[in-house]
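See below for entry_31.txt, which holds compact mmCIF, C-alpha atoms and all ligand atoms.
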```txt
# COMPACT_ATOMS: atom_id res chain seq x y z
CA MET A 1 116.86 42.13 89.96
CA LEU A 2 115.98 45.58 91.31
CA VAL A 3 117.84 46.43 94.52
CA LEU A 4 116.81 49.59 96.41
CA THR A 5 119.18 51.08 98.98
CA ALA A 6 118.97 53.89 101.56
CA LEU A 7 120.79 55.46 104.48
CA ALA A 8 119.22 54.89 107.91
CA PRO A 9 120.66 57.96 109.64
CA ALA A 10 121.59 58.41 113.29
CA LYS A 11 119.09 60.49 115.29
CA ILE A 12 120.35 63.08 117.76
CA ASN A 13 118.25 64.61 120.56
CA LEU A 14 119.69 68.15 120.66
CA PHE A 15 117.82 68.59 123.94
CA LEU A 16 115.50 66.21 125.78
CA HIS A 17 113.14 67.42 128.50
CA VAL A 18 111.29 64.63 130.31
CA GLY A 19 108.23 64.82 132.58
CA ALA A 20 106.88 62.51 135.26
CA VAL A 21 106.01 58.95 134.26
CA ASP A 22 102.41 58.31 133.15
CA ALA A 23 100.25 55.41 134.31
CA ASP A 24 101.22 53.39 131.19
CA GLY A 25 104.92 53.51 132.13
CA TYR A 26 105.83 56.03 129.40
CA HIS A 27 107.11 59.57 129.98
CA PRO A 28 105.93 62.77 128.28
CA LEU A 29 108.85 64.46 126.60
CA SER A 30 109.87 67.46 124.56
CA SER A 31 112.84 67.23 122.23
CA LEU A 32 114.39 68.79 119.14
CA VAL A 33 115.63 65.92 116.99
CA ALA A 34 118.02 66.18 114.07
CA PHE A 35 119.49 63.54 111.78
CA ALA A 36 123.13 62.96 110.92
CA ASP A 37 124.68 62.29 107.52
CA VAL A 38 126.05 58.98 108.87
CA GLY A 39 124.07 55.85 109.67
CA ASP A 40 123.34 52.27 108.74
CA GLN A 41 122.93 51.24 105.12
CA VAL A 42 119.86 49.19 104.20
CA SER A 43 118.78 47.52 100.98
CA VAL A 44 115.75 45.54 99.83
CA GLU A 45 115.09 43.37 96.80
CA PRO A 46 112.11 41.24 95.78
CA ALA A 47 112.44 37.58 96.86
CA ASP A 48 110.35 34.45 97.49
CA SER A 49 110.09 35.12 101.21
CA LEU A 50 111.11 37.59 103.93
CA SER A 51 114.74 37.42 105.07
CA LEU A 52 117.30 39.67 106.80
CA ASP A 53 121.08 39.52 106.28
CA LEU A 54 123.42 41.45 108.57
CA THR A 55 126.82 42.83 107.67
CA GLY A 56 129.00 45.68 108.94
CA PRO A 57 130.99 46.41 112.10
CA PHE A 58 128.01 45.91 114.47
CA GLY A 59 126.17 43.22 112.47
CA GLU A 60 127.54 40.33 114.48
CA ALA A 61 126.76 42.01 117.80
CA LEU A 62 123.14 42.51 116.73
CA GLY A 63 122.65 38.94 115.46
CA ALA A 64 119.90 37.80 113.10
CA ALA A 65 117.18 37.75 115.79
CA PRO A 66 113.56 37.32 114.59
CA ASP A 67 112.57 40.32 116.73
CA ASN A 68 114.81 42.70 114.77
CA LEU A 69 112.93 45.97 114.49
CA ILE A 70 113.14 45.77 110.67
CA LEU A 71 111.26 42.46 110.64
CA ARG A 72 108.74 43.69 113.21
CA ALA A 73 108.00 46.74 111.06
CA LEU A 74 107.73 44.75 107.82
CA ARG A 75 105.32 42.22 109.34
CA ARG A 76 103.12 45.08 110.53
CA LEU A 77 103.30 46.66 107.06
CA GLY A 78 102.10 43.38 105.55
CA GLU A 79 99.14 43.29 107.96
CA VAL A 80 98.14 46.91 107.27
CA ALA A 81 98.56 46.58 103.49
CA GLY A 82 96.75 43.23 103.50
CA THR A 83 99.52 41.54 101.53
CA GLY A 84 100.76 39.13 104.18
CA GLU A 85 104.47 38.97 105.06
CA PRO A 86 106.39 41.11 102.53
CA ARG A 87 108.47 38.97 100.16
CA LEU A 88 111.73 40.84 100.42
CA LYS A 89 115.39 40.07 100.97
CA VAL A 90 116.62 42.81 103.31
CA THR A 91 120.28 43.56 103.97
CA LEU A 92 121.37 45.66 106.93
CA ASP A 93 124.92 47.02 106.98
CA LYS A 94 125.05 47.82 110.70
CA ARG A 95 127.45 50.74 111.16
CA LEU A 96 125.85 52.44 114.18
CA PRO A 97 126.48 51.15 117.71
CA ILE A 98 123.51 49.37 119.33
CA ALA A 99 121.47 50.77 122.25
CA ALA A 100 123.37 54.00 121.76
CA GLY A 101 120.76 56.79 121.97
CA LEU A 102 120.99 57.18 118.18
CA GLY A 103 117.69 55.48 117.32
CA GLY A 104 119.55 53.09 115.02
CA GLY A 105 116.98 50.28 115.08
CA SER A 106 114.07 52.69 114.56
CA SER A 107 115.92 54.36 111.69
CA ASP A 108 116.63 50.97 110.08
CA ALA A 109 112.92 50.12 110.32
CA GLY A 110 111.91 53.53 108.93
CA ALA A 111 114.27 53.33 105.97
CA VAL A 112 113.21 49.76 105.13
CA LEU A 113 109.50 50.61 105.39
CA LYS A 114 109.92 53.34 102.76
CA LEU A 115 111.95 51.05 100.49
CA ALA A 116 109.40 48.24 100.92
CA ARG A 117 106.53 50.55 99.95
CA GLN A 118 108.43 51.46 96.79
CA ALA A 119 109.62 47.92 95.94
CA LEU A 120 106.15 46.42 96.39
CA SER A 121 104.25 49.43 94.92
CA LEU A 122 102.03 49.59 98.00
CA ASP A 123 99.22 52.14 98.09
CA ILE A 124 99.93 53.47 101.59
CA ASP A 125 100.43 57.15 102.39
CA ASP A 126 103.04 58.78 104.66
CA ALA A 127 100.67 59.13 107.64
CA ALA A 128 99.75 55.45 107.48
CA LEU A 129 103.41 54.48 107.13
CA GLU A 130 104.22 56.57 110.23
CA ALA A 131 101.55 54.67 112.13
CA VAL A 132 103.19 51.40 111.02
CA ALA A 133 106.57 52.73 112.21
CA GLY A 134 105.08 53.21 115.69
CA VAL A 135 105.18 49.42 116.12
CA VAL A 136 108.96 49.61 116.69
CA GLY A 137 108.66 52.11 119.57
CA ALA A 138 108.09 55.73 120.48
CA ASP A 139 110.97 56.86 118.24
CA GLY A 140 109.59 54.95 115.22
CA PRO A 141 107.60 57.78 113.56
CA MET A 142 110.38 60.42 113.92
CA CYS A 143 112.94 57.99 112.50
CA LEU A 144 110.68 57.24 109.55
CA ARG A 145 110.47 60.98 108.74
CA MET A 146 114.23 61.53 109.16
CA ARG A 147 113.74 65.30 109.23
CA THR A 148 114.53 67.85 111.92
CA ALA A 149 111.46 68.04 114.17
CA TRP A 150 110.09 69.01 117.54
CA ALA A 151 108.96 65.82 119.25
CA GLU A 152 106.39 65.74 122.03
CA GLY A 153 103.97 63.27 123.58
CA ARG A 154 105.97 60.07 123.94
CA GLY A 155 108.19 61.33 121.14
CA ASP A 156 105.61 60.53 118.48
CA VAL A 157 103.87 63.94 118.15
CA LEU A 158 106.00 65.65 115.52
CA THR A 159 106.30 69.16 114.09
CA ASP A 160 108.85 69.67 111.30
CA GLU A 161 111.47 72.37 111.96
CA PRO A 162 113.06 73.42 108.67
CA ARG A 163 114.86 76.45 110.17
CA LEU A 164 117.64 74.54 111.98
CA PRO A 165 120.90 75.18 110.07
CA PRO A 166 123.38 72.38 109.34
CA LEU A 167 125.52 71.80 112.45
CA ALA A 168 129.08 70.45 112.45
CA ALA A 169 129.26 67.69 115.07
CA VAL A 170 131.23 64.79 116.49
CA LEU A 171 129.51 61.63 117.76
CA PHE A 172 131.41 59.67 120.43
CA ASN A 173 130.16 56.33 121.76
CA PRO A 174 132.26 54.76 124.54
CA GLY A 175 131.44 51.20 123.43
CA VAL A 176 128.98 50.41 126.23
CA PRO A 177 125.23 49.93 125.61
CA SER A 178 122.79 52.10 127.58
CA PRO A 179 119.39 50.35 127.94
CA THR A 180 116.58 52.87 127.37
CA GLY A 181 114.01 51.35 129.76
CA ALA A 182 116.50 51.16 132.64
CA VAL A 183 117.55 54.78 132.11
CA TYR A 184 113.93 55.99 132.25
CA ARG A 185 113.40 53.95 135.44
CA ALA A 186 116.52 55.48 137.01
CA TYR A 187 115.13 58.89 136.06
CA ASP A 188 111.97 58.07 138.07
CA ALA A 189 114.06 57.51 141.20
CA VAL A 190 115.09 61.17 141.43
CA PRO A 191 112.88 64.31 141.54
CA VAL A 192 111.66 64.82 137.98
CA ARG A 193 111.72 67.90 135.83
CA SER A 194 109.03 68.75 133.27
CA ALA A 195 108.60 68.10 129.58
CA ASP A 196 108.65 71.84 128.90
CA ARG A 197 108.93 72.96 125.30
CA PRO A 198 111.19 76.03 125.20
CA ASP A 199 110.41 78.98 122.94
CA PRO A 200 112.46 78.58 119.78
CA PRO A 201 115.58 80.70 119.28
CA HIS A 202 114.95 84.22 117.95
CA ASP A 203 117.85 83.81 115.56
CA TRP A 204 118.60 80.57 113.67
CA SER A 205 122.28 81.27 113.00
CA VAL A 206 124.61 78.45 114.11
CA ALA A 207 126.07 80.51 116.97
CA ALA A 208 122.64 81.59 118.28
CA VAL A 209 121.24 78.06 118.05
CA ILE A 210 124.18 76.67 120.04
CA ASP A 211 123.76 79.42 122.69
CA TRP A 212 120.08 78.57 122.93
CA LEU A 213 120.76 74.82 123.15
CA SER A 214 123.27 75.37 125.93
CA VAL A 215 120.47 76.52 128.27
CA GLN A 216 118.36 73.43 127.47
CA ARG A 217 118.98 69.98 129.00
CA ASN A 218 119.01 66.26 128.46
CA ASP A 219 117.13 65.08 131.55
CA LEU A 220 118.23 61.48 130.96
CA GLN A 221 121.92 62.39 131.13
CA SER A 222 122.28 62.16 134.94
CA PRO A 223 120.42 58.86 135.36
CA ALA A 224 122.25 57.33 132.36
CA LEU A 225 125.57 58.49 133.81
CA ALA A 226 124.74 56.89 137.16
CA LEU A 227 124.09 53.55 135.40
CA THR A 228 126.97 53.82 132.91
CA PRO A 229 129.97 55.72 134.30
CA ALA A 230 131.76 55.56 130.92
CA ILE A 231 129.39 58.34 129.79
CA ALA A 232 131.12 60.77 132.18
CA ASP A 233 134.47 60.01 130.54
CA ALA A 234 132.89 60.43 127.10
CA LEU A 235 131.49 63.85 128.07
CA ALA A 236 134.84 64.90 129.51
CA SER A 237 136.75 63.73 126.43
CA VAL A 238 134.52 65.58 123.98
CA SER A 239 134.41 68.69 126.21
CA ALA A 240 138.21 68.84 126.12
CA THR A 241 138.47 69.10 122.32
CA PRO A 242 139.47 72.47 120.84
CA GLN A 243 136.62 74.78 119.76
CA VAL A 244 133.81 72.55 121.07
CA ALA A 245 130.79 74.81 121.67
CA LEU A 246 128.37 72.32 123.30
CA THR A 247 128.73 68.77 124.66
CA ARG A 248 125.67 66.65 125.53
CA MET A 249 124.41 63.06 125.57
CA SER A 250 121.85 62.01 122.93
CA GLY A 251 118.65 60.20 123.96
CA SER A 252 119.20 57.62 126.69
CA GLY A 253 122.93 57.39 125.82
CA ALA A 254 125.59 56.37 125.80
CA THR A 255 126.51 58.41 122.67
CA VAL A 256 127.72 61.94 123.38
CA PHE A 257 127.75 64.67 120.72
CA GLY A 258 129.86 67.78 120.46
CA LEU A 259 128.94 70.81 118.31
CA TYR A 260 131.65 72.88 116.59
CA PRO A 261 131.75 76.21 114.74
CA THR A 262 133.15 74.61 111.56
CA GLU A 263 133.36 71.19 109.87
CA ALA A 264 137.16 71.43 109.96
CA ALA A 265 137.07 71.78 113.76
CA ALA A 266 134.71 68.78 114.06
CA GLN A 267 136.92 66.66 111.81
CA ALA A 268 140.06 67.57 113.77
CA ALA A 269 138.29 66.72 117.05
CA ALA A 270 137.09 63.37 115.68
CA ARG A 271 140.62 62.46 114.55
CA ALA A 272 142.09 63.31 117.96
CA LEU A 273 139.36 61.45 119.86
CA ALA A 274 139.68 58.33 117.69
CA ALA A 275 143.45 58.28 118.19
CA ALA A 276 143.14 58.64 121.98
CA HIS A 277 140.22 56.18 122.34
CA PRO A 278 140.81 53.20 120.01
CA HIS A 279 137.86 51.22 121.48
CA ALA A 280 135.33 54.02 121.13
CA TRP A 281 133.15 54.68 118.06
CA VAL A 282 133.87 58.20 116.85
CA THR A 283 132.76 60.09 113.77
CA ALA A 284 132.52 63.64 112.48
CA THR A 285 129.18 64.40 110.87
CA ARG A 286 126.82 67.16 109.80
CA LEU A 287 123.41 67.34 111.49
CA ALA A 288 120.23 68.64 109.87
CA VAL A 289 121.40 68.56 106.25
CA GLN A 290 118.17 66.82 105.12
C1 LIG B 301 115.21 58.10 124.85
C2 LIG B 301 114.77 58.27 123.42
C3 LIG B 301 114.72 59.78 123.06
O1 LIG B 301 114.47 60.00 121.69
O2 LIG B 301 115.61 57.70 122.44
P1 LIG B 301 116.75 56.53 122.45
O3 LIG B 301 117.71 56.74 123.55
O4 LIG B 301 116.02 55.22 122.57
O5 LIG B 301 117.43 56.65 121.08
C4 LIG B 301 113.32 57.71 123.24
O6 LIG B 301 112.41 58.33 124.13
C5 LIG B 301 113.19 56.21 123.38
O7 LIG B 301 112.32 55.78 122.38
P2 LIG B 301 112.27 54.22 121.93
O8 LIG B 301 113.66 53.66 121.99
O9 LIG B 301 111.53 54.14 120.65
O10 LIG B 301 111.47 53.64 123.14
P3 LIG B 301 110.45 52.40 123.22
O11 LIG B 301 111.07 51.21 122.57
O12 LIG B 301 109.08 52.84 122.79
O13 LIG B 301 110.42 52.20 124.80
C6 LIG B 301 111.45 51.59 125.54
C7 LIG B 301 111.18 51.94 126.99
O14 LIG B 301 111.54 53.31 127.22
C8 LIG B 301 110.62 53.92 128.10
N1 LIG B 301 110.04 55.11 127.47
C9 LIG B 301 110.15 55.35 126.13
C10 LIG B 301 109.67 56.51 125.58
C11 LIG B 301 109.03 57.44 126.43
N2 LIG B 301 108.50 58.58 125.95
N3 LIG B 301 108.90 57.18 127.75
C12 LIG B 301 109.42 56.04 128.28
O15 LIG B 301 109.33 55.84 129.49
C13 LIG B 301 109.57 52.88 128.46
O16 LIG B 301 109.98 52.30 129.70
C14 LIG B 301 109.71 51.84 127.39
O17 LIG B 301 109.39 50.55 127.85
N1 LIG B 302 117.93 46.87 113.51
C1 LIG B 302 118.26 47.07 114.79
N2 LIG B 302 119.27 47.90 115.08
C2 LIG B 302 119.60 48.16 116.39
N3 LIG B 302 118.99 47.58 117.42
C3 LIG B 302 117.99 46.74 117.19
C4 LIG B 302 117.59 46.44 115.86
N4 LIG B 302 116.58 45.57 115.95
C5 LIG B 302 116.37 45.34 117.26
N5 LIG B 302 117.21 46.03 118.01
C6 LIG B 302 117.22 46.06 119.50
O1 LIG B 302 116.66 47.33 119.89
C7 LIG B 302 117.25 47.83 121.07
C8 LIG B 302 117.55 49.31 120.91
O2 LIG B 302 118.59 49.47 119.96
P1 LIG B 302 118.88 50.88 119.22
O3 LIG B 302 117.81 51.19 118.25
O4 LIG B 302 120.26 50.77 118.68
O5 LIG B 302 118.84 51.85 120.47
P2 LIG B 302 118.86 53.41 120.61
O6 LIG B 302 117.53 53.93 120.20
O7 LIG B 302 119.15 53.67 122.07
O8 LIG B 302 119.99 53.92 119.74
C9 LIG B 302 118.47 46.96 121.35
O9 LIG B 302 118.18 46.15 122.46
C10 LIG B 302 118.63 46.09 120.10
O10 LIG B 302 119.05 44.78 120.38
```

For this file, produce the structure as structure tokens.
Amino acid sequence: MLVLTALAPAKINLFLHVGAVDADGYHPLSSLVAFADVGDQVSVEPADSLSLDLTGPFGEALGAAPDNLILRALRRLGEVAGTGEPRLKVTLDKRLPIAAGLGGGSSDAGAVLKLARQALSLDIDDAALEAVAGVVGADGPMCLRMRTAWAEGRGDVLTDEPRLPPLAAVLFNPGVPSPTGAVYRAYDAVPVRSADRPDPPHDWSVAAVIDWLSVQRNDLQSPALALTPAIADALASVSATPQVALTRMSGSGATVFGLYPTEAAAQAAARALAAAHPHAWVTATRLAVQ
């Protein structure tokens, strides 16, 4: 039986500028998103009916709920393709923490949608598949693409950015979920900034990109920190590692990333952080290698 597998990579918001809430409850934003070389592992194979099996370190915590974003996306795919519920056995090896600002659920859905199109030989183009991915949330289309991009609108208006160089990074999650909706609501309680899109860097070398990022912001960092104090410790821990050039929260948290001048420095930092924080989720990774 043919089994197709793929990586569902972690998404990182290198910066995230957020404007005032719109009447529909969503916020306009501007972000540069990049994808890591770590993530969940998904597989699909033809079957008599649709099913989802969960494995991996965070599989039990997620639970086999019928509203899993993978199942939501596949049901929508079946409607759009006119095939009815896709007959696929899906396996999700859940390696990314949940509600972590890494877009894990959206990335799972994106990866499975592409595998399902292939497994079922569906005649549906990339633009239509991106529209299907929107059913899982504002991050759905970017996580289907899995390429470095400028994101605007609600996060669903995307422009590819092939110039970003690979960046050596550490991801540090303190082991506490950060609920996206609550973070956006906390953001509304303080004077808001704007969803300004900065001019791109003049020079796309690693050092120049990091300098340029350091004058951008994640506007959700303060409200997330107020709701989840463990994020402050995470920022402090990553900031204290040797050679770290930038420390920032991704998305609505609670994952914090650090950027380093070399992969060796990132790997050394990840080892030290994991040893000092046995309950945290820590990994060295490379961003923007796609
Ligand atoms: C913050 C970001 C940054 O990339 O990522 P994560 O932290 O989730 O990874 C995203 O904006 C999260 O996108 P996503 O997780 O898909 O959000 P959705 O499910 O569509 O929305 C969850 C809730 O977040 C709020 N929301 C989301 C997107 C947006 N542009 N404005 C919002 O106000 C809304 O209150 C919504 O009810
Ligand atoms: N496949 C999935 N992986 C992760 N979370 C999922 C999945 N399906 C549904 N969810 C739910 O989606 C919400 C957001 O999870 P996640 O995508 O991990 O957040 P974030 O975008 O902040 O990293 C959580 O409440 C989680 O229970």

With 10 Å as the cut-off and all atoms listed in the file counted, what is the closest atom pair between each nearby residue of chain A and ligand LIG 302 (chain B)? Distances in Å to one decimal, ordered by chain and number, as CSV.
```
residue,atom,partner,partner_atom,distance
A:Ala8,CA,B:LIG302,N1,9.9
A:Ala10,CA,B:LIG302,O8,8.0
A:Lys11,CA,B:LIG302,O8,8.0
A:Ile12,CA,B:LIG302,O8,9.4
A:Asp40,CA,B:LIG302,N2,8.7
A:Val42,CA,B:LIG302,N1,9.8
A:Leu52,CA,B:LIG302,N1,9.9
A:Leu54,CA,B:LIG302,N1,9.2
A:Phe58,CA,B:LIG302,C2,8.9
A:Gly59,CA,B:LIG302,N2,8.7
A:Ala61,CA,B:LIG302,O10,8.6
A:Leu62,CA,B:LIG302,O10,5.9
A:Gly63,CA,B:LIG302,O10,8.4
A:Ala64,CA,B:LIG302,N4,8.9
A:Ala65,CA,B:LIG302,C5,7.8
A:Pro66,CA,B:LIG302,N4,8.9
A:Asp67,CA,B:LIG302,C5,6.3
A:Asn68,CA,B:LIG302,N4,3.6
A:Leu69,CA,B:LIG302,N4,4.0
A:Ile70,CA,B:LIG302,N1,5.7
A:Leu71,CA,B:LIG302,N4,8.1
A:Arg72,CA,B:LIG302,N4,8.5
A:Ala73,CA,B:LIG302,N4,9.9
A:Leu92,CA,B:LIG302,N1,7.5
A:Asp93,CA,B:LIG302,N1,9.6
A:Lys94,CA,B:LIG302,N2,7.3
A:Arg95,CA,B:LIG302,N2,9.5
A:Leu96,CA,B:LIG302,O4,7.4
A:Pro97,CA,B:LIG302,O4,6.3
A:Ile98,CA,B:LIG302,O4,3.6
A:Ala99,CA,B:LIG302,O5,3.4
A:Ala100,CA,B:LIG302,O8,3.9
A:Gly101,CA,B:LIG302,O7,3.5
A:Leu102,CA,B:LIG302,O8,3.7
A:Gly103,CA,B:LIG302,O6,3.3
A:Gly104,CA,B:LIG302,O3,4.1
A:Gly105,CA,B:LIG302,N2,3.3
A:Ser106,CA,B:LIG302,O3,5.5
A:Ser107,CA,B:LIG302,O3,7.5
A:Asp108,CA,B:LIG302,N1,5.5
A:Ala109,CA,B:LIG302,N1,6.8
A:Val136,CA,B:LIG302,C5,8.6
A:Gly137,CA,B:LIG302,O6,9.1
A:Ala138,CA,B:LIG302,O6,9.6
A:Asp139,CA,B:LIG302,O6,7.4
A:Gly140,CA,B:LIG302,O6,9.4
A:Cys143,CA,B:LIG302,O6,9.8
A:Pro177,CA,B:LIG302,O7,8.0
A:Ser178,CA,B:LIG302,O7,6.8
A:Pro179,CA,B:LIG302,O7,6.7
A:Thr180,CA,B:LIG302,O7,5.9
A:Gly181,CA,B:LIG302,O7,9.5
A:Ser250,CA,B:LIG302,O7,8.8
A:Gly251,CA,B:LIG302,O7,6.8
A:Ser252,CA,B:LIG302,O7,6.1
A:Gly253,CA,B:LIG302,O7,6.5
A:Ala254,CA,B:LIG302,O7,7.9
A:Thr255,CA,B:LIG302,O8,8.4
```

So, counting all atoms listed in the file, which residue among A:Ala284, A:Leu77, A:Ala149, A:Ala6 is closest to ligand LIG 301 (chain B)?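 Selected residue with least distance to ligand LIG 301 (chain B): A:Ala149.
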
Excluding A:Pro141 and any residue of its chain fewer than 6 positions from it, enumerate the residues within 7 Å of it, using all atoms listed in the file, and give them as a PDB file with C-alpha atoms, in the frame of the given file.
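So the final result, stored in result-v2.pdb, reads:
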```pdb
ATOM      1  CA  GLU A 130     104.220  56.570 110.230  1.00  0.00           C
ATOM      2  CA  ALA A 131     101.550  54.670 112.130  1.00  0.00           C
ATOM      3  CA  ALA A 133     106.570  52.730 112.210  1.00  0.00           C
ATOM      4  CA  GLY A 134     105.080  53.210 115.690  1.00  0.00           C
ATOM      5  CA  ASP A 156     105.610  60.530 118.480  1.00  0.00           C
TER       6      ASP A 156
END
```

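Each of A:Ala195, A:Leu16, A:Ala272, A:Ala116 was checked against A:Met249 using all atoms listed in the file; the smallest atom-to-atom distance is that of A:Leu16.
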
Test item: residues at most 10 Å from A:Thr91, all atoms listed in the file, excluding those fewer than 6 positions along its chain, as a list in words: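 Once the adjacent positions are removed, what remains is Thr5, Gln41, Val42, Ser43, Val44, Glu45, Ser51, Leu52, Asp53, Leu54, Thr55 and Val112 of chain A.
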
Residues near A:Ala230, cut-off 9 Å, all atoms listed in the file, skip fewer than 5 positions along chain, as an MDAnalysis selection string: chainID A and resid 174:176 225 235 254

Would you work out the distance separating atom CA of A:Tyr26 from atom CA of A:Val183, expressed in Å to one decimal? 12.1 Å

The residue from A:Tyr260, A:Phe35, A:Trp212, A:Tyr184 with the smallest atom-to-atom distance to A:Leu287, counting all atoms listed in the file, is A:Phe35

So, with all atoms listed in the file as the atoms that count, which of A:Gly155, A:Pro86, A:Gly56, A:Gly78 lies closest to ligand LIG 301 (chain B)? A:Gly155

Would you give the centre and edge lengths, in Å to one decimal, of a box along x, y and z around the listed atoms of stretch 231-238 of chain A, with 3 Å added to each side, as JSON?
```
{"center_x": 133.1, "center_y": 62.0, "center_z": 128.1, "size_x": 13.4, "size_y": 13.2, "size_z": 14.2}
```

Who sits within 6 Å of A:Thr247, all atoms listed in the file, same chain under 4 positions skipped, as a PyMOL selection string: chain A and resi 239+257-258

Writing out the chosen residues with C-alpha atoms as a PDB file, in the frame of the given file:
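What follows is the written file result.pdb:
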```pdb
ATOM      1  CA  SER A 239     134.410  68.690 126.210  1.00  0.00           C
ATOM      2  CA  PHE A 257     127.750  64.670 120.720  1.00  0.00           C
ATOM      3  CA  GLY A 258     129.860  67.780 120.460  1.00  0.00           C
TER       4      GLY A 258
END
```

What is the distance, in Å and to one decimal place, between atom CA of A:Gln290 and atom O1 of ligand LIG 301 (chain B)?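 One can read the atom CA of A:Gln290 to atom O1 of ligand LIG 301 (chain B) distance as 18.3 Å.
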
For ligand LIG 301 (chain B), the nearest of the candidates A:Val256, A:Leu120, A:Leu7, A:Leu115, counting all atoms listed in the file: A:Val256

Find the residues near A:Leu164: any atom within 9 Å, counting only C-alpha atoms, skip ones fewer than 3 places away on the same chain, and give them as a ChimeraX atom specification. /A:34,148,161,167,204-206,209,288

So which residues fall inside 12 Å of (140.3, 59.2, 120.7) if we count all atoms listed in the file? Mind giving them as a ChimeraX atom specification? /A:170-174,233-234,236-238,240-241,268-283

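Nearest-residue note for A:Gln267: choosing from A:Ala169, A:Leu2, A:Val157, A:Pro223, the minimum distance belongs to A:Ala169, counting all atoms listed in the file.
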